[in-house]
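Structure data follow from my_file_2.cif (mmCIF, C-alpha atoms and all ligand atoms):
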data_protein
loop_
_atom_site.group_PDB
_atom_site.id
_atom_site.type_symbol
_atom_site.label_atom_id
_atom_site.label_comp_id
_atom_site.auth_asym_id
_atom_site.auth_seq_id
_atom_site.Cartn_x
_atom_site.Cartn_y
_atom_site.Cartn_z
ATOM 1 C CA MET A 268 18.312 5.108 -18.906
ATOM 2 C CA THR A 269 19.235 2.083 -21.013
ATOM 3 C CA ASN A 270 18.483 -1.448 -19.854
ATOM 4 C CA GLU A 271 22.186 -1.890 -19.132
ATOM 5 C CA ASP A 272 22.249 1.213 -16.912
ATOM 6 C CA ALA A 273 19.141 0.050 -15.073
ATOM 7 C CA LYS A 274 20.841 -3.220 -14.202
ATOM 8 C CA VAL A 275 24.069 -1.583 -13.055
ATOM 9 C CA ILE A 276 22.549 1.306 -11.067
ATOM 10 C CA PRO A 277 19.066 0.380 -9.885
ATOM 11 C CA VAL A 278 18.876 3.265 -7.375
ATOM 12 C CA ARG A 279 19.088 6.899 -8.391
ATOM 13 C CA VAL A 280 18.756 9.902 -6.155
ATOM 14 C CA ALA A 281 17.222 13.234 -7.088
ATOM 15 C CA LEU A 282 17.487 16.268 -4.851
ATOM 16 C CA ARG A 283 14.705 18.816 -5.046
ATOM 17 C CA CYS A 284 14.793 22.115 -3.218
ATOM 18 C CA ARG A 285 11.485 23.963 -3.086
ATOM 19 C CA PRO A 286 11.187 27.757 -3.157
ATOM 20 C CA LEU A 287 10.677 29.505 0.168
ATOM 21 C CA VAL A 288 6.979 29.523 1.069
ATOM 22 C CA PRO A 289 5.259 32.834 2.021
ATOM 23 C CA LYS A 290 5.558 32.097 5.772
ATOM 24 C CA GLU A 291 9.336 31.658 5.455
ATOM 25 C CA ILE A 292 9.663 34.831 3.346
ATOM 26 C CA ASN A 293 7.662 36.787 5.946
ATOM 27 C CA GLU A 294 9.946 35.473 8.678
ATOM 28 C CA GLY A 295 13.007 36.646 6.727
ATOM 29 C CA CYS A 296 14.348 33.153 5.970
ATOM 30 C CA GLN A 297 17.036 32.839 3.337
ATOM 31 C CA SER A 298 18.258 29.869 1.339
ATOM 32 C CA CYS A 299 21.681 28.550 2.340
ATOM 33 C CA LEU A 300 22.119 26.444 -0.811
ATOM 34 C CA THR A 301 23.914 27.280 -4.032
ATOM 35 C CA PHE A 302 23.220 25.341 -7.218
ATOM 36 C CA VAL A 303 25.954 24.704 -9.764
ATOM 37 C CA PRO A 304 24.630 25.483 -13.279
ATOM 38 C CA ASN A 305 24.354 22.396 -15.513
ATOM 39 C CA GLU A 306 25.788 20.117 -12.801
ATOM 40 C CA PRO A 307 23.776 17.854 -10.472
ATOM 41 C CA GLN A 308 25.523 19.480 -7.547
ATOM 42 C CA VAL A 309 24.496 21.551 -4.563
ATOM 43 C CA ILE A 310 26.690 23.532 -2.177
ATOM 44 C CA VAL A 311 25.586 23.933 1.419
ATOM 45 C CA GLY A 312 26.871 27.168 2.925
ATOM 46 C CA THR A 313 30.174 28.022 1.289
ATOM 47 C CA GLU A 314 32.130 24.800 1.044
ATOM 48 C CA LYS A 315 30.185 21.544 1.439
ATOM 49 C CA ALA A 316 29.369 20.239 -2.049
ATOM 50 C CA PHE A 317 27.120 17.227 -2.696
ATOM 51 C CA THR A 318 26.512 15.502 -6.021
ATOM 52 C CA TYR A 319 23.356 13.541 -6.904
ATOM 53 C CA ASP A 320 22.008 11.882 -10.035
ATOM 54 C CA TYR A 321 19.681 14.838 -10.497
ATOM 55 C CA VAL A 322 19.399 18.193 -8.735
ATOM 56 C CA PHE A 323 16.322 20.399 -9.092
ATOM 57 C CA ASP A 324 16.690 23.951 -7.829
ATOM 58 C CA PRO A 325 13.752 26.070 -6.571
ATOM 59 C CA THR A 326 12.929 27.294 -10.075
ATOM 60 C CA SER A 327 12.355 23.731 -11.367
ATOM 61 C CA GLU A 328 8.793 23.027 -12.409
ATOM 62 C CA GLN A 329 6.914 19.750 -11.937
ATOM 63 C CA GLU A 330 7.184 19.011 -15.664
ATOM 64 C CA GLU A 331 10.991 19.171 -15.522
ATOM 65 C CA VAL A 332 11.143 16.783 -12.572
ATOM 66 C CA PHE A 333 8.822 14.382 -14.356
ATOM 67 C CA SER A 334 10.495 14.450 -17.774
ATOM 68 C CA THR A 335 14.045 14.233 -16.384
ATOM 69 C CA ALA A 336 13.795 11.775 -13.512
ATOM 70 C CA ILE A 337 10.517 9.862 -13.807
ATOM 71 C CA SER A 338 10.060 9.418 -17.531
ATOM 72 C CA PRO A 339 13.019 6.995 -17.903
ATOM 73 C CA LEU A 340 11.347 4.696 -15.364
ATOM 74 C CA LEU A 341 8.195 4.658 -17.467
ATOM 75 C CA ASN A 342 10.142 3.629 -20.536
ATOM 76 C CA GLY A 343 11.431 0.739 -18.428
ATOM 77 C CA ILE A 344 8.062 -0.510 -17.241
ATOM 78 C CA PHE A 345 6.843 -1.249 -20.756
ATOM 79 C CA LYS A 346 10.028 -3.270 -21.239
ATOM 80 C CA GLY A 347 9.318 -5.329 -18.138
ATOM 81 C CA TYR A 348 11.039 -3.509 -15.267
ATOM 82 C CA HIS A 349 9.396 -2.792 -11.937
ATOM 83 C CA ALA A 350 9.902 0.727 -10.595
ATOM 84 C CA THR A 351 9.594 2.616 -7.357
ATOM 85 C CA VAL A 352 9.593 6.340 -6.679
ATOM 86 C CA LEU A 353 10.146 7.245 -3.065
ATOM 87 C CA ALA A 354 9.983 10.819 -1.786
ATOM 88 C CA TYR A 355 11.553 11.652 1.546
ATOM 89 C CA GLY A 356 12.484 14.725 3.526
ATOM 90 C CA GLN A 357 11.406 16.586 6.630
ATOM 91 C CA THR A 358 7.925 17.925 7.243
ATOM 92 C CA GLY A 359 6.984 20.755 4.893
ATOM 93 C CA SER A 360 9.796 20.082 2.431
ATOM 94 C CA GLY A 361 7.538 19.210 -0.519
ATOM 95 C CA LYS A 362 7.030 15.429 -0.725
ATOM 96 C CA THR A 363 3.260 15.644 -1.110
ATOM 97 C CA TYR A 364 3.551 18.521 -3.571
ATOM 98 C CA SER A 365 6.145 16.711 -5.682
ATOM 99 C CA MET A 366 4.220 13.426 -5.792
ATOM 100 C CA GLY A 367 0.733 14.827 -6.319
ATOM 101 C CA GLY A 368 -0.538 13.797 -2.920
ATOM 102 C CA THR A 369 -3.137 16.561 -2.760
ATOM 103 C CA TYR A 370 -4.299 16.209 -6.359
ATOM 104 C CA THR A 371 -7.911 17.082 -7.168
ATOM 105 C CA SER A 372 -9.556 17.136 -10.593
ATOM 106 C CA ALA A 373 -9.700 20.955 -10.383
ATOM 107 C CA GLN A 374 -5.924 20.819 -10.896
ATOM 108 C CA GLU A 375 -6.182 18.720 -14.064
ATOM 109 C CA ASN A 376 -4.335 20.951 -16.562
ATOM 110 C CA ASP A 377 -2.376 22.943 -14.022
ATOM 111 C CA PRO A 378 1.461 22.992 -14.267
ATOM 112 C CA SER A 379 1.594 22.284 -10.521
ATOM 113 C CA VAL A 380 0.336 18.713 -11.021
ATOM 114 C CA GLY A 381 2.742 16.288 -9.375
ATOM 115 C CA VAL A 382 4.346 12.989 -10.323
ATOM 116 C CA ILE A 383 1.521 10.466 -9.872
ATOM 117 C CA PRO A 384 -1.142 12.123 -12.075
ATOM 118 C CA ARG A 385 1.536 12.647 -14.741
ATOM 119 C CA VAL A 386 2.567 9.000 -14.549
ATOM 120 C CA ILE A 387 -1.062 7.926 -14.898
ATOM 121 C CA ARG A 388 -1.521 10.102 -17.976
ATOM 122 C CA ARG A 389 1.677 8.747 -19.574
ATOM 123 C CA ILE A 390 0.845 5.104 -18.842
ATOM 124 C CA PHE A 391 -2.477 5.427 -20.638
ATOM 125 C CA GLU A 392 -0.884 7.305 -23.574
ATOM 126 C CA GLU A 393 1.721 4.540 -23.929
ATOM 127 C CA LYS A 394 -0.967 1.869 -23.609
ATOM 128 C CA GLU A 395 -2.890 3.425 -26.532
ATOM 129 C CA LYS A 396 0.229 3.164 -28.714
ATOM 130 C CA ARG A 397 0.447 -0.592 -28.125
ATOM 131 C CA ALA A 398 -2.554 -1.946 -29.945
ATOM 132 C CA ASP A 399 -0.877 -5.367 -30.218
ATOM 133 C CA SER A 400 -0.924 -5.865 -26.434
ATOM 134 C CA GLU A 401 -3.620 -6.479 -23.852
ATOM 135 C CA PHE A 402 -3.401 -4.513 -20.615
ATOM 136 C CA CYS A 403 -4.888 -4.938 -17.209
ATOM 137 C CA LEU A 404 -4.374 -2.057 -14.760
ATOM 138 C CA ALA A 405 -5.103 -1.890 -11.052
ATOM 139 C CA VAL A 406 -4.378 0.511 -8.186
ATOM 140 C CA SER A 407 -4.198 0.440 -4.424
ATOM 141 C CA TYR A 408 -3.580 3.284 -2.011
ATOM 142 C CA LEU A 409 -2.717 2.959 1.667
ATOM 143 C CA GLU A 410 -1.438 5.106 4.463
ATOM 144 C CA ILE A 411 0.461 4.165 7.589
ATOM 145 C CA TYR A 412 -0.596 6.225 10.545
ATOM 146 C CA ASN A 413 0.512 5.469 14.092
ATOM 147 C CA GLU A 414 1.525 1.941 13.119
ATOM 148 C CA ASP A 415 -1.931 1.216 11.585
ATOM 149 C CA ILE A 416 -2.215 0.572 7.891
ATOM 150 C CA LEU A 417 -5.361 2.165 6.454
ATOM 151 C CA ASP A 418 -6.933 1.351 3.114
ATOM 152 C CA LEU A 419 -7.547 4.678 1.366
ATOM 153 C CA LEU A 420 -9.701 3.085 -1.361
ATOM 154 C CA SER A 421 -12.005 1.142 0.945
ATOM 155 C CA SER A 422 -15.624 2.208 0.545
ATOM 156 C CA SER A 423 -16.694 0.986 3.978
ATOM 157 C CA LYS A 424 -17.083 3.701 6.615
ATOM 158 C CA ASP A 425 -15.172 1.805 9.273
ATOM 159 C CA LYS A 426 -12.068 1.139 7.315
ATOM 160 C CA PRO A 427 -10.747 -2.283 8.257
ATOM 161 C CA ALA A 428 -7.155 -2.309 9.465
ATOM 162 C CA ILE A 429 -4.803 -3.955 7.023
ATOM 163 C CA SER A 430 -2.186 -6.377 8.219
ATOM 164 C CA ILE A 431 1.249 -7.307 7.015
ATOM 165 C CA ARG A 432 2.004 -11.028 6.921
ATOM 166 C CA GLU A 433 5.099 -12.881 6.000
ATOM 167 C CA ASP A 434 4.465 -15.764 3.642
ATOM 168 C CA PRO A 435 7.260 -18.361 3.459
ATOM 169 C CA LYS A 436 6.919 -18.561 -0.325
ATOM 170 C CA GLU A 437 5.757 -15.092 -1.385
ATOM 171 C CA GLY A 438 7.568 -13.055 1.290
ATOM 172 C CA ILE A 439 5.955 -9.950 2.841
ATOM 173 C CA LYS A 440 2.260 -9.568 1.922
ATOM 174 C CA ILE A 441 -0.211 -6.772 2.630
ATOM 175 C CA VAL A 442 -3.425 -8.608 3.417
ATOM 176 C CA GLY A 443 -6.917 -7.177 2.816
ATOM 177 C CA LEU A 444 -5.938 -4.115 0.786
ATOM 178 C CA THR A 445 -8.449 -2.964 -1.868
ATOM 179 C CA GLU A 446 -7.099 -3.300 -5.380
ATOM 180 C CA ARG A 447 -9.275 -1.468 -7.921
ATOM 181 C CA GLN A 448 -9.206 -2.548 -11.569
ATOM 182 C CA VAL A 449 -9.319 0.536 -13.804
ATOM 183 C CA VAL A 450 -9.734 0.985 -17.554
ATOM 184 C CA SER A 451 -9.112 4.701 -18.070
ATOM 185 C CA ALA A 452 -6.838 7.495 -16.871
ATOM 186 C CA PRO A 453 -9.738 9.504 -15.347
ATOM 187 C CA GLU A 454 -10.781 6.409 -13.403
ATOM 188 C CA MET A 455 -7.263 5.875 -12.039
ATOM 189 C CA VAL A 456 -6.807 9.566 -11.226
ATOM 190 C CA GLY A 457 -10.200 9.359 -9.481
ATOM 191 C CA CYS A 458 -8.725 6.707 -7.151
ATOM 192 C CA LEU A 459 -5.803 9.028 -6.337
ATOM 193 C CA GLU A 460 -8.219 11.878 -5.666
ATOM 194 C CA LEU A 461 -10.423 9.695 -3.465
ATOM 195 C CA GLY A 462 -7.455 8.473 -1.419
ATOM 196 C CA ASN A 463 -6.004 11.973 -1.112
ATOM 197 C CA SER A 464 -9.320 13.250 0.221
ATOM 198 C CA VAL A 465 -9.364 10.772 3.138
ATOM 199 C CA ARG A 466 -5.716 10.955 4.166
ATOM 200 C CA THR A 467 -4.897 11.958 7.698
ATOM 201 C CA VAL A 468 -3.897 15.637 7.794
ATOM 202 C CA GLY A 469 -2.773 17.702 10.764
ATOM 203 C CA SER A 470 -0.523 20.674 11.238
ATOM 204 C CA THR A 471 3.095 20.979 12.279
ATOM 205 C CA ALA A 472 5.120 24.058 13.091
ATOM 206 C CA MET A 473 6.541 23.863 9.566
ATOM 207 C CA ASN A 474 3.496 22.773 7.563
ATOM 208 C CA ALA A 475 -0.105 23.829 8.199
ATOM 209 C CA ALA A 476 -1.404 20.901 6.119
ATOM 210 C CA SER A 477 1.013 18.176 7.031
ATOM 211 C CA SER A 478 0.209 14.651 5.903
ATOM 212 C CA ARG A 479 1.117 13.061 9.268
ATOM 213 C CA SER A 480 1.410 9.650 7.674
ATOM 214 C CA HIS A 481 3.288 7.542 5.179
ATOM 215 C CA ALA A 482 1.406 6.799 1.984
ATOM 216 C CA ILE A 483 1.898 4.318 -0.819
ATOM 217 C CA PHE A 484 0.113 4.536 -4.151
ATOM 218 C CA THR A 485 0.645 1.393 -6.214
ATOM 219 C CA ILE A 486 -0.075 0.915 -9.896
ATOM 220 C CA THR A 487 0.031 -2.627 -11.194
ATOM 221 C CA LEU A 488 0.208 -3.070 -14.912
ATOM 222 C CA GLU A 489 -0.111 -6.440 -16.595
ATOM 223 C CA GLN A 490 0.825 -6.573 -20.224
ATOM 224 C CA ARG A 491 0.160 -9.567 -22.440
ATOM 225 C CA ARG A 492 1.462 -9.913 -25.954
ATOM 226 C CA GLY A 493 1.243 -13.370 -27.497
ATOM 227 C CA SER A 494 2.758 -15.504 -24.789
ATOM 228 C CA ASP A 495 1.821 -14.431 -21.225
ATOM 229 C CA LYS A 496 3.954 -11.733 -19.623
ATOM 230 C CA SER A 497 3.185 -9.376 -16.794
ATOM 231 C CA ASP A 498 4.959 -6.281 -15.515
ATOM 232 C CA SER A 499 4.160 -4.189 -12.489
ATOM 233 C CA PHE A 500 4.935 -0.592 -11.611
ATOM 234 C CA THR A 501 4.987 0.554 -8.017
ATOM 235 C CA PHE A 502 4.958 4.021 -6.504
ATOM 236 C CA LEU A 503 5.790 4.905 -2.934
ATOM 237 C CA LEU A 504 5.059 8.292 -1.403
ATOM 238 C CA TYR A 505 7.227 8.075 1.661
ATOM 239 C CA PHE A 506 6.988 10.414 4.632
ATOM 240 C CA PRO A 507 9.459 10.989 7.465
ATOM 241 C CA CYS A 508 9.683 7.895 9.577
ATOM 242 C CA ARG A 509 8.680 8.558 13.175
ATOM 243 C CA ALA A 510 9.631 5.847 15.663
ATOM 244 C CA PRO A 511 6.191 4.252 16.269
ATOM 245 C CA GLN A 512 5.713 3.754 12.549
ATOM 246 C CA ARG A 513 9.057 2.286 11.771
ATOM 247 C CA LYS A 514 8.058 -1.388 11.889
ATOM 248 C CA SER A 515 5.255 -1.202 9.310
ATOM 249 C CA VAL A 516 7.227 1.038 7.031
ATOM 250 C CA LEU A 517 10.239 -1.214 7.035
ATOM 251 C CA SER A 518 8.103 -4.291 6.312
ATOM 252 C CA ILE A 519 6.428 -2.583 3.390
ATOM 253 C CA CYS A 520 9.680 -1.215 2.030
ATOM 254 C CA SER A 521 11.200 -4.683 2.147
ATOM 255 C CA HIS A 522 8.132 -6.005 0.277
ATOM 256 C CA TYR A 523 8.784 -3.570 -2.558
ATOM 257 C CA SER A 524 12.551 -3.600 -2.519
ATOM 258 C CA ALA A 525 12.473 -7.376 -3.052
ATOM 259 C CA GLU A 526 11.281 -6.540 -6.549
ATOM 260 C CA LEU A 527 13.550 -3.568 -6.942
ATOM 261 C CA GLU A 528 14.717 -2.972 -10.469
ATOM 262 C CA GLN A 529 14.458 0.767 -11.003
ATOM 263 C CA HIS A 530 14.323 2.919 -7.945
ATOM 264 C CA LEU A 531 14.280 6.707 -7.699
ATOM 265 C CA HIS A 532 14.644 8.507 -4.374
ATOM 266 C CA ILE A 533 13.481 12.104 -4.442
ATOM 267 C CA ARG A 534 15.027 13.870 -1.506
ATOM 268 C CA VAL A 535 13.220 17.141 -0.879
ATOM 269 C CA LEU A 536 14.646 20.082 1.032
HETATM 270 N N1 LIG A 601 8.365 22.836 -5.536
HETATM 271 C C1 LIG A 601 7.454 23.579 -4.878
HETATM 272 N N2 LIG A 601 7.024 24.732 -5.407
HETATM 273 C C2 LIG A 601 6.114 25.507 -4.757
HETATM 274 N N3 LIG A 601 5.584 25.179 -3.545
HETATM 275 C C3 LIG A 601 5.992 24.038 -2.989
HETATM 276 C C4 LIG A 601 6.935 23.163 -3.608
HETATM 277 N N4 LIG A 601 7.136 22.117 -2.808
HETATM 278 C C5 LIG A 601 6.350 22.316 -1.749
HETATM 279 N N5 LIG A 601 5.670 23.458 -1.839
HETATM 280 C C6 LIG A 601 4.741 24.012 -0.830
HETATM 281 O O1 LIG A 601 5.337 23.813 0.449
HETATM 282 C C7 LIG A 601 4.367 23.431 1.401
HETATM 283 C C8 LIG A 601 4.751 22.099 2.063
HETATM 284 O O2 LIG A 601 4.796 21.091 1.066
HETATM 285 P P1 LIG A 601 4.249 19.604 1.314
HETATM 286 O O3 LIG A 601 2.937 19.622 2.047
HETATM 287 O O4 LIG A 601 4.311 18.908 0.011
HETATM 288 O O5 LIG A 601 5.375 19.030 2.291
HETATM 289 P P2 LIG A 601 5.552 17.554 2.862
HETATM 290 O O6 LIG A 601 6.995 17.238 2.710
HETATM 291 O O7 LIG A 601 4.612 16.623 2.199
HETATM 292 O O8 LIG A 601 5.190 17.751 4.388
HETATM 293 P P3 LIG A 601 4.596 16.703 5.480
HETATM 294 O O9 LIG A 601 5.647 15.673 5.712
HETATM 295 O O10 LIG A 601 4.405 17.588 6.679
HETATM 296 O O11 LIG A 601 3.319 16.161 4.927
HETATM 297 C C9 LIG A 601 3.029 23.365 0.673
HETATM 298 O O12 LIG A 601 2.368 24.596 0.860
HETATM 299 C C10 LIG A 601 3.429 23.220 -0.776
HETATM 300 O O13 LIG A 601 2.449 23.751 -1.662
#
Take the structure in this file and express it as structure tokens.
Ligand SMILES: Nc1ncnc2c1ncn2[C@@H]1O[C@H](COP(=O)(O)OP(=O)(O)OP(=O)(O)O)[C@@H](O)[C@H]1O
Amino acid sequence: MTNEDAKVIPVRVALRCRPLVPKEINEGCQSCLTFVPNEPQVIVGTEKAFTYDYVFDPTSEQEEVFSTAISPLLNGIFKGYHATVLAYGQTGSGKTYSMGGTYTSAQENDPSVGVIPRVIRRIFEEKEKRADSEFCLAVSYLEIYNEDILDLLSSSKDKPAISIREDPKEGIKIVGLTERQVVSAPEMVGCLELGNSVRTVGSTAMNAASSRSHAIFTITLEQRRGSDKSDSFTFLLYFPCRAPQRKSVLSICSHYSAELEQHLHIRVL
């Protein structure tokens, strides 16, 4: 994506269809989608065709999703653009899988690693190439569960509830959220792993390990070269909005969309 493109089309939509999982195969489920070769198009049933910016069929690997849809956003961040990646779709459709929401260090070199660990790796590789700049990196990780916002990086046992306030000058603010300064990729990935390990998990009819919450992993990158300049990069892992959670989610989304410059929606099926 060139800078010009990013200004004209700040929002892009990727469709990702996961392969059938063993339970679905055992139940005799069949896919009702057809993918048009070399076109970002999907056909539902026999006649309803939909076109997106990107379409990833069930054979698409994590690396392809990352290099095609996410990588252009990373090029942008080092040029001073904010970015958001938002995954949405019904329970069990693959949001957590696509984003890396169950990442553990045991997965480190596995092709199944999702978006966030790949982004972390790339950010630190790019940082190393820019010896003329100073960087300051920080992360936060929260989940919204039953209208409560929980700090996934808080070390205290009784995690304090986080509140959303509206500041007349700065707009929507998330107050009290832990922001960890990090200096290396393993340290940042460690924060993801820590947050993933304390997320609220339950089961639904369609997903035995359903996340049951919305989660937002945020990376803030400040870059200084000569005169002061700072850029920030934001990630959202977004989960299906159930009515009681709508208020918090909308407030947080408006907080991020105020700074929207590059935005990728990954719709999973
Ligand atoms: N592209 C994929 N390739 C292989 N398996 C996948 C893929 N996407 C998802 N899965 C598998 O499908 C199942 C459900 O995925 P996942 O937990 O990511 O769904 P989800 O959308 O996050 O659901 P929920 O909203 O309930 O948390 C998991 O077992 C996951 O490993």
Report task. Would you mind listing what lies within 12 Å of region 368-372 of chain A as number ranges by chain, with all atoms listed in the file counted and same-chain residues fewer than 4 positions away left out? Result -> A: 354, 361-364, 376-385, 408-410, 452-468, 476-478, 480-484, 502-506
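The closest residue to ligand LIG 601 (chain A), picked from A:Gly295, A:Pro277, A:Gly356, A:Gly347 and counting all atoms listed in the file, is A:Gly356.
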Query - Contact residues around Ala336 (chain A) with only C-alpha atoms at 8 Å, ignoring same-chain residues under 3 positions, as a ChimeraX atom specification - result: /A:281,321,332-333,339-340,531
Report summary line: Counting all atoms listed in the file, the residue among A:Glu306, A:Asp320, A:Glu331, A:Glu489 that lies closest to ligand LIG 601 (chain A) is A:Glu331
